[in-house]
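A.B. asks: Structure in C-alpha coordinates, see below.
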Amino acid sequence: MTRSLDLSYPADAALAPEPGWVALGDWPFPHGKPGRFVVGDDTQTRFAIRYYRDADDADRLHGKIWFGPGTEGPPLHAHGGAMAAVLDELVGVLCWASGRAVLAAQLDTTFHAMLPVGSVVR
(Lines give C-alpha, C1' and ligand atoms only; values in the text may rest on other atoms or scores of the structure.)
Protein backbone atom coordinates (compact mmCIF):
# COMPACT_ATOMS: atom_id res chain seq x y z
CA MET A 1 0.00 0.00 0.00
CA THR A 2 1.42 3.39 -1.02
CA ARG A 3 0.77 6.24 1.33
CA SER A 4 0.58 9.77 -0.06
CA LEU A 5 1.85 12.52 2.24
CA ASP A 6 2.11 16.24 1.67
CA LEU A 7 5.76 16.84 2.50
CA SER A 8 5.94 20.42 1.26
CA TYR A 9 6.94 23.17 3.66
CA PRO A 10 3.74 24.25 5.43
CA ALA A 11 1.93 27.48 4.75
CA ASP A 12 1.89 30.00 7.58
CA ALA A 13 -1.76 29.11 8.22
CA ALA A 14 -0.74 25.60 9.32
CA LEU A 15 1.40 27.11 12.08
CA ALA A 16 -0.97 29.96 12.97
CA PRO A 17 -1.82 30.60 16.62
CA GLU A 18 -4.90 29.16 18.27
CA PRO A 19 -7.31 31.53 20.03
CA GLY A 20 -5.64 32.91 23.15
CA TRP A 21 -2.10 32.38 21.85
CA VAL A 22 0.24 35.36 21.38
CA ALA A 23 3.42 35.19 19.31
CA LEU A 24 6.48 34.74 21.53
CA GLY A 25 8.04 37.79 19.89
CA ASP A 26 11.67 38.48 20.65
CA TRP A 27 13.69 35.42 21.51
CA PRO A 28 14.76 35.31 25.14
CA PHE A 29 18.32 34.39 24.13
CA PRO A 30 21.07 37.03 24.17
CA HIS A 31 22.09 36.31 20.56
CA GLY A 32 18.71 35.87 18.87
CA LYS A 33 17.28 32.48 17.99
CA PRO A 34 18.65 29.34 19.64
CA GLY A 35 20.78 26.80 17.77
CA ARG A 36 20.22 26.07 14.14
CA PHE A 37 19.14 22.43 14.28
CA VAL A 38 15.45 22.95 15.10
CA VAL A 39 14.26 26.52 14.78
CA GLY A 40 17.05 27.59 12.43
CA ASP A 41 16.34 25.04 9.70
CA ASP A 42 16.96 27.09 6.55
CA THR A 43 16.68 23.99 4.35
CA GLN A 44 12.90 23.85 4.86
CA THR A 45 13.12 20.07 5.00
CA ARG A 46 13.37 19.30 8.71
CA PHE A 47 11.26 21.56 10.91
CA ALA A 48 8.96 24.54 10.80
CA ILE A 49 8.14 25.82 14.26
CA ARG A 50 6.31 28.74 15.86
CA TYR A 51 6.20 29.45 19.59
CA TYR A 52 3.41 31.31 21.37
CA ARG A 53 2.69 32.50 24.90
CA ASP A 54 -0.69 31.85 26.47
CA ALA A 55 -2.63 35.15 26.69
CA ASP A 56 -3.98 34.18 30.12
CA ASP A 57 -0.84 32.57 31.58
CA ALA A 58 2.54 34.08 30.66
CA ASP A 59 4.30 31.01 32.07
CA ARG A 60 2.58 28.73 29.56
CA LEU A 61 4.17 28.27 26.16
CA HIS A 62 2.53 26.74 23.10
CA GLY A 63 4.08 25.62 19.88
CA LYS A 64 3.18 24.24 16.49
CA ILE A 65 5.80 22.13 14.84
CA TRP A 66 5.93 20.59 11.36
CA PHE A 67 8.12 17.52 10.97
CA GLY A 68 9.36 17.51 7.39
CA PRO A 69 10.98 14.82 5.25
CA GLY A 70 14.41 15.71 6.66
CA THR A 71 13.31 14.28 10.04
CA GLU A 72 12.50 10.85 8.64
CA GLY A 73 13.79 7.85 10.56
CA PRO A 74 11.57 4.81 10.08
CA PRO A 75 9.94 4.97 6.62
CA LEU A 76 7.41 7.83 6.48
CA HIS A 77 7.85 8.60 10.20
CA ALA A 78 9.86 11.14 12.17
CA HIS A 79 13.05 9.93 13.81
CA GLY A 80 12.85 9.73 17.61
CA GLY A 81 15.94 11.92 17.86
CA ALA A 82 14.17 14.63 15.85
CA MET A 83 11.20 14.49 18.23
CA ALA A 84 13.53 14.58 21.25
CA ALA A 85 15.40 17.59 19.79
CA VAL A 86 12.12 19.51 19.56
CA LEU A 87 11.24 18.55 23.13
CA ASP A 88 14.68 19.70 24.31
CA GLU A 89 14.32 23.04 22.52
CA LEU A 90 10.76 23.60 23.70
CA VAL A 91 11.68 23.07 27.36
CA GLY A 92 14.73 25.31 26.95
CA VAL A 93 12.75 28.10 25.29
CA LEU A 94 10.13 27.94 28.03
CA CYS A 95 12.79 28.23 30.75
CA TRP A 96 14.68 31.03 28.99
CA ALA A 97 11.42 32.90 28.30
CA SER A 98 10.73 32.68 32.05
CA GLY A 99 14.06 34.33 32.81
CA ARG A 100 15.93 31.14 33.69
CA ALA A 101 19.17 30.43 31.86
CA VAL A 102 19.34 26.65 31.44
CA LEU A 103 20.79 23.84 29.38
CA ALA A 104 19.85 20.17 29.26
CA ALA A 105 22.08 17.86 31.26
CA GLN A 106 19.95 14.80 30.64
CA LEU A 107 16.84 14.10 28.59
CA ASP A 108 14.96 10.83 29.03
CA THR A 109 12.09 10.09 26.67
CA THR A 110 9.68 7.26 26.17
CA PHE A 111 7.83 7.25 22.86
CA HIS A 112 4.32 5.82 22.75
CA ALA A 113 3.50 6.20 19.06
CA MET A 114 5.18 6.90 15.74
CA LEU A 115 4.75 10.37 14.22
CA PRO A 116 4.09 10.51 10.48
CA VAL A 117 6.42 12.78 8.50
CA GLY A 118 4.50 15.83 7.30
CA SER A 119 2.57 16.15 10.55
CA VAL A 120 1.94 19.48 12.28
CA VAL A 121 1.70 18.92 16.02
CA ARG A 122 0.90 21.18 18.98
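Residue names in the C-alpha coordinates use chain letters A, B, ... in the order shown, residue numbers from 1 in each chain, and ligand numbers from 1 in the order shown.
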Which residues come within 6 Å of segment 71-82 of chain A, counting only C-alpha atoms, excluding same-chain residues fewer than 3 positions away, as a list in words?

C.D. replies: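 Final neighbour list, sorted by chain and number: Arg46, Gly68, Ala85, Leu115, Pro116 and Val117 of chain A.
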
A.B. asks: Produce a file of the selected residues containing all heavy atoms, as an mmCIF file, in the first residue's frame.

C.D. replies:
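Output saved as part22.cif:
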data_model
loop_
_atom_site.group_PDB
_atom_site.id
_atom_site.type_symbol
_atom_site.label_atom_id
_atom_site.label_comp_id
_atom_site.auth_asym_id
_atom_site.auth_seq_id
_atom_site.Cartn_x
_atom_site.Cartn_y
_atom_site.Cartn_z
ATOM 1 N N ARG A 46 13.453 19.971 7.419
ATOM 2 C CA ARG A 46 13.365 19.300 8.714
ATOM 3 C C ARG A 46 12.184 19.806 9.535
ATOM 4 O O ARG A 46 11.248 19.055 9.788
ATOM 5 C CB ARG A 46 14.670 19.485 9.495
ATOM 6 C CG ARG A 46 15.838 18.741 8.902
ATOM 7 C CD ARG A 46 17.033 18.693 9.839
ATOM 8 N NE ARG A 46 17.396 19.967 10.406
ATOM 9 C CZ ARG A 46 18.357 20.768 9.949
ATOM 10 N NH1 ARG A 46 19.057 20.419 8.897
ATOM 11 N NH2 ARG A 46 18.640 21.900 10.539
ATOM 12 N N GLY A 68 9.206 17.700 8.826
ATOM 13 C CA GLY A 68 9.356 17.509 7.388
ATOM 14 C C GLY A 68 10.120 16.251 7.021
ATOM 15 O O GLY A 68 10.537 15.471 7.887
ATOM 16 N N ALA A 85 14.764 16.282 19.978
ATOM 17 C CA ALA A 85 15.396 17.589 19.785
ATOM 18 C C ALA A 85 14.374 18.712 19.945
ATOM 19 O O ALA A 85 14.658 19.743 20.556
ATOM 20 C CB ALA A 85 16.059 17.662 18.412
ATOM 21 N N LEU A 115 5.273 9.109 14.735
ATOM 22 C CA LEU A 115 4.750 10.372 14.221
ATOM 23 C C LEU A 115 4.980 10.431 12.725
ATOM 24 O O LEU A 115 6.142 10.424 12.270
ATOM 25 C CB LEU A 115 5.466 11.550 14.908
ATOM 26 C CG LEU A 115 5.078 12.936 14.455
ATOM 27 C CD1 LEU A 115 3.630 13.236 14.826
ATOM 28 C CD2 LEU A 115 6.009 13.967 15.077
ATOM 29 N N PRO A 116 3.910 10.459 11.934
ATOM 30 C CA PRO A 116 4.095 10.507 10.476
ATOM 31 C C PRO A 116 4.813 11.783 10.029
ATOM 32 O O PRO A 116 4.525 12.873 10.525
ATOM 33 C CB PRO A 116 2.659 10.488 9.919
ATOM 34 C CG PRO A 116 1.838 9.889 11.019
ATOM 35 C CD PRO A 116 2.486 10.352 12.290
ATOM 36 N N VAL A 117 5.765 11.633 9.108
ATOM 37 C CA VAL A 117 6.421 12.783 8.503
ATOM 38 C C VAL A 117 5.339 13.619 7.808
ATOM 39 O O VAL A 117 4.392 13.066 7.244
ATOM 40 C CB VAL A 117 7.499 12.309 7.516
ATOM 41 C CG1 VAL A 117 8.017 13.459 6.678
ATOM 42 C CG2 VAL A 117 8.641 11.633 8.244
#

A.B. asks: Based on the backbone DSSP call, show me all residues of chain A assigned helix (DSSP H, G or I), as number ranges by chain.

C.D. replies: A: 12-15, 69-71, 80-97

A.B. asks: Taking only C-alpha atoms into account, name the residue in A:Leu24, A:Leu61, A:Ala55, A:Ala13 that is nearest to Leu90 of chain A.

C.D. replies: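 Between A:Leu24, A:Leu61, A:Ala55, A:Ala13, the residue approaching Leu90 of chain A most closely is A:Leu61.
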
A.B. asks: What does the structure give for the distance between atom CA of Gly70 of chain A and atom CA of Gly40 of chain A, in Å to one decimal?

C.D. replies: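 Taking atom CA of Gly70 of chain A and atom CA of Gly40 of chain A, their separation equals 13.5 Å.
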
A.B. asks: For Lys64 of chain A, which of A:Leu15, A:Ala105, A:Leu7, A:Met114 is the closest residue, counting only C-alpha atoms?

C.D. replies: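 Ranked by minimum distance to Lys64 of chain A, first place goes to A:Leu15.
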
A.B. asks: Which of segment 10-122 of chain A end up as strand (DSSP E) when DSSP is run on this backbone - answer as a PyMOL selection string?

C.D. replies: chain A and resi 21-23+47-54+57-67+120-121

A.B. asks: What would the file look like if the residues just selected were written as a PDB file, in the first residue's frame with N, CA and C atoms?

C.D. replies:
ATOM      1  N   TRP A  21      -3.543  32.510  21.975  1.00  0.00           N
ATOM      2  CA  TRP A  21      -2.097  32.385  21.851  1.00  0.00           C
ATOM      3  C   TRP A  21      -1.536  33.689  21.286  1.00  0.00           C
ATOM      4  N   VAL A  22      -0.407  34.128  21.819  1.00  0.00           N
ATOM      5  CA  VAL A  22       0.243  35.356  21.384  1.00  0.00           C
ATOM      6  C   VAL A  22       1.665  35.000  20.954  1.00  0.00           C
ATOM      7  N   ALA A  23       2.079  35.505  19.810  1.00  0.00           N
ATOM      8  CA  ALA A  23       3.421  35.189  19.313  1.00  0.00           C
ATOM      9  C   ALA A  23       4.463  35.478  20.385  1.00  0.00           C
ATOM     10  N   PHE A  47      12.265  21.044   9.981  1.00  0.00           N
ATOM     11  CA  PHE A  47      11.264  21.563  10.907  1.00  0.00           C
ATOM     12  C   PHE A  47      10.747  22.925  10.461  1.00  0.00           C
ATOM     13  N   ALA A  48       9.509  23.185  10.800  1.00  0.00           N
ATOM     14  CA  ALA A  48       8.958  24.541  10.799  1.00  0.00           C
ATOM     15  C   ALA A  48       8.307  24.657  12.164  1.00  0.00           C
ATOM     16  N   ILE A  49       8.611  25.730  12.881  1.00  0.00           N
ATOM     17  CA  ILE A  49       8.142  25.820  14.257  1.00  0.00           C
ATOM     18  C   ILE A  49       7.792  27.260  14.595  1.00  0.00           C
ATOM     19  N   ARG A  50       6.715  27.430  15.338  1.00  0.00           N
ATOM     20  CA  ARG A  50       6.309  28.737  15.858  1.00  0.00           C
ATOM     21  C   ARG A  50       5.972  28.562  17.328  1.00  0.00           C
ATOM     22  N   TYR A  51       6.478  29.478  18.149  1.00  0.00           N
ATOM     23  CA  TYR A  51       6.198  29.453  19.586  1.00  0.00           C
ATOM     24  C   TYR A  51       5.262  30.593  19.944  1.00  0.00           C
ATOM     25  N   TYR A  52       4.387  30.324  20.915  1.00  0.00           N
ATOM     26  CA  TYR A  52       3.407  31.311  21.368  1.00  0.00           C
ATOM     27  C   TYR A  52       3.299  31.271  22.893  1.00  0.00           C
ATOM     28  N   ARG A  53       3.032  32.429  23.479  1.00  0.00           N
ATOM     29  CA  ARG A  53       2.688  32.496  24.902  1.00  0.00           C
ATOM     30  C   ARG A  53       1.179  32.375  25.026  1.00  0.00           C
ATOM     31  N   ASP A  54       0.728  31.908  26.168  1.00  0.00           N
ATOM     32  CA  ASP A  54      -0.693  31.854  26.469  1.00  0.00           C
ATOM     33  C   ASP A  54      -1.122  33.245  26.931  1.00  0.00           C
ATOM     34  N   ASP A  57      -1.852  33.115  30.673  1.00  0.00           N
ATOM     35  CA  ASP A  57      -0.844  32.573  31.582  1.00  0.00           C
ATOM     36  C   ASP A  57       0.526  32.728  30.927  1.00  0.00           C
ATOM     37  N   ALA A  58       1.253  33.769  31.292  1.00  0.00           N
ATOM     38  CA  ALA A  58       2.537  34.076  30.659  1.00  0.00           C
ATOM     39  C   ALA A  58       3.581  32.986  30.870  1.00  0.00           C
ATOM     40  N   ASP A  59       3.356  32.103  31.835  1.00  0.00           N
ATOM     41  CA  ASP A  59       4.302  31.009  32.067  1.00  0.00           C
ATOM     42  C   ASP A  59       3.989  29.782  31.226  1.00  0.00           C
ATOM     43  N   ARG A  60       2.948  29.855  30.416  1.00  0.00           N
ATOM     44  CA  ARG A  60       2.579  28.726  29.561  1.00  0.00           C
ATOM     45  C   ARG A  60       2.985  29.042  28.130  1.00  0.00           C
ATOM     46  N   LEU A  61       3.700  28.117  27.524  1.00  0.00           N
ATOM     47  CA  LEU A  61       4.174  28.273  26.159  1.00  0.00           C
ATOM     48  C   LEU A  61       3.496  27.233  25.282  1.00  0.00           C
ATOM     49  N   HIS A  62       3.119  27.648  24.090  1.00  0.00           N
ATOM     50  CA  HIS A  62       2.526  26.743  23.104  1.00  0.00           C
ATOM     51  C   HIS A  62       3.428  26.716  21.884  1.00  0.00           C
ATOM     52  N   GLY A  63       3.323  25.686  21.116  1.00  0.00           N
ATOM     53  CA  GLY A  63       4.080  25.624  19.877  1.00  0.00           C
ATOM     54  C   GLY A  63       3.359  24.782  18.853  1.00  0.00           C
ATOM     55  N   LYS A  64       3.617  25.085  17.599  1.00  0.00           N
ATOM     56  CA  LYS A  64       3.179  24.243  16.489  1.00  0.00           C
ATOM     57  C   LYS A  64       4.428  23.899  15.704  1.00  0.00           C
ATOM     58  N   ILE A  65       4.592  22.619  15.468  1.00  0.00           N
ATOM     59  CA  ILE A  65       5.801  22.125  14.836  1.00  0.00           C
ATOM     60  C   ILE A  65       5.436  21.220  13.675  1.00  0.00           C
ATOM     61  N   TRP A  66       6.067  21.462  12.528  1.00  0.00           N
ATOM     62  CA  TRP A  66       5.930  20.593  11.361  1.00  0.00           C
ATOM     63  C   TRP A  66       7.192  19.749  11.265  1.00  0.00           C
ATOM     64  N   PHE A  67       7.009  18.452  11.144  1.00  0.00           N
ATOM     65  CA  PHE A  67       8.118  17.515  10.967  1.00  0.00           C
ATOM     66  C   PHE A  67       8.197  17.161   9.490  1.00  0.00           C
ATOM     67  N   VAL A 120       1.828  18.264  11.480  1.00  0.00           N
ATOM     68  CA  VAL A 120       1.944  19.480  12.278  1.00  0.00           C
ATOM     69  C   VAL A 120       1.350  19.130  13.626  1.00  0.00           C
ATOM     70  N   VAL A 121       2.153  19.270  14.667  1.00  0.00           N
ATOM     71  CA  VAL A 121       1.696  18.921  16.021  1.00  0.00           C
ATOM     72  C   VAL A 121       1.753  20.145  16.919  1.00  0.00           C
TER      73      VAL A 121
END

A.B. asks: What is the distance, in Å and to one decimal place, between atom CA of Gly118 of chain A and atom CA of Pro69 of chain A?

C.D. replies: 6.9 Å

A.B. asks: Restricting the calculation to only C-alpha atoms, which member of A:Arg122, A:Ala16, A:Ala84, A:Asp42 is positioned closest to Gln106 of chain A?

C.D. replies: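 Of A:Arg122, A:Ala16, A:Ala84, A:Asp42, the one nearest Gln106 of chain A is A:Ala84, counting only C-alpha atoms.
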
A.B. asks: Rank nothing, just name the residue among A:Leu107, A:Val102, A:Ala11, A:Ala113 nearest to Val86 of chain A, using only C-alpha atoms.

C.D. replies: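 Comparing A:Leu107, A:Val102, A:Ala11, A:Ala113 against Val86 of chain A, the winner is A:Leu107.
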
A.B. asks: Between atom CA of Asp41 of chain A and atom CA of Gly92 of chain A, measure the distance and give it in Å to one decimal.

C.D. replies: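 Rounded to one decimal, the two atoms are 17.3 Å apart.
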
A.B. asks: Given the choices A:Tyr9, A:Gly25, A:Pro19, A:Asp56, which gets closest to Gln44 of chain A if the distance is worked out from only C-alpha atoms?

C.D. replies: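 Residue with the minimum atom-to-atom distance to Gln44 of chain A: A:Tyr9.
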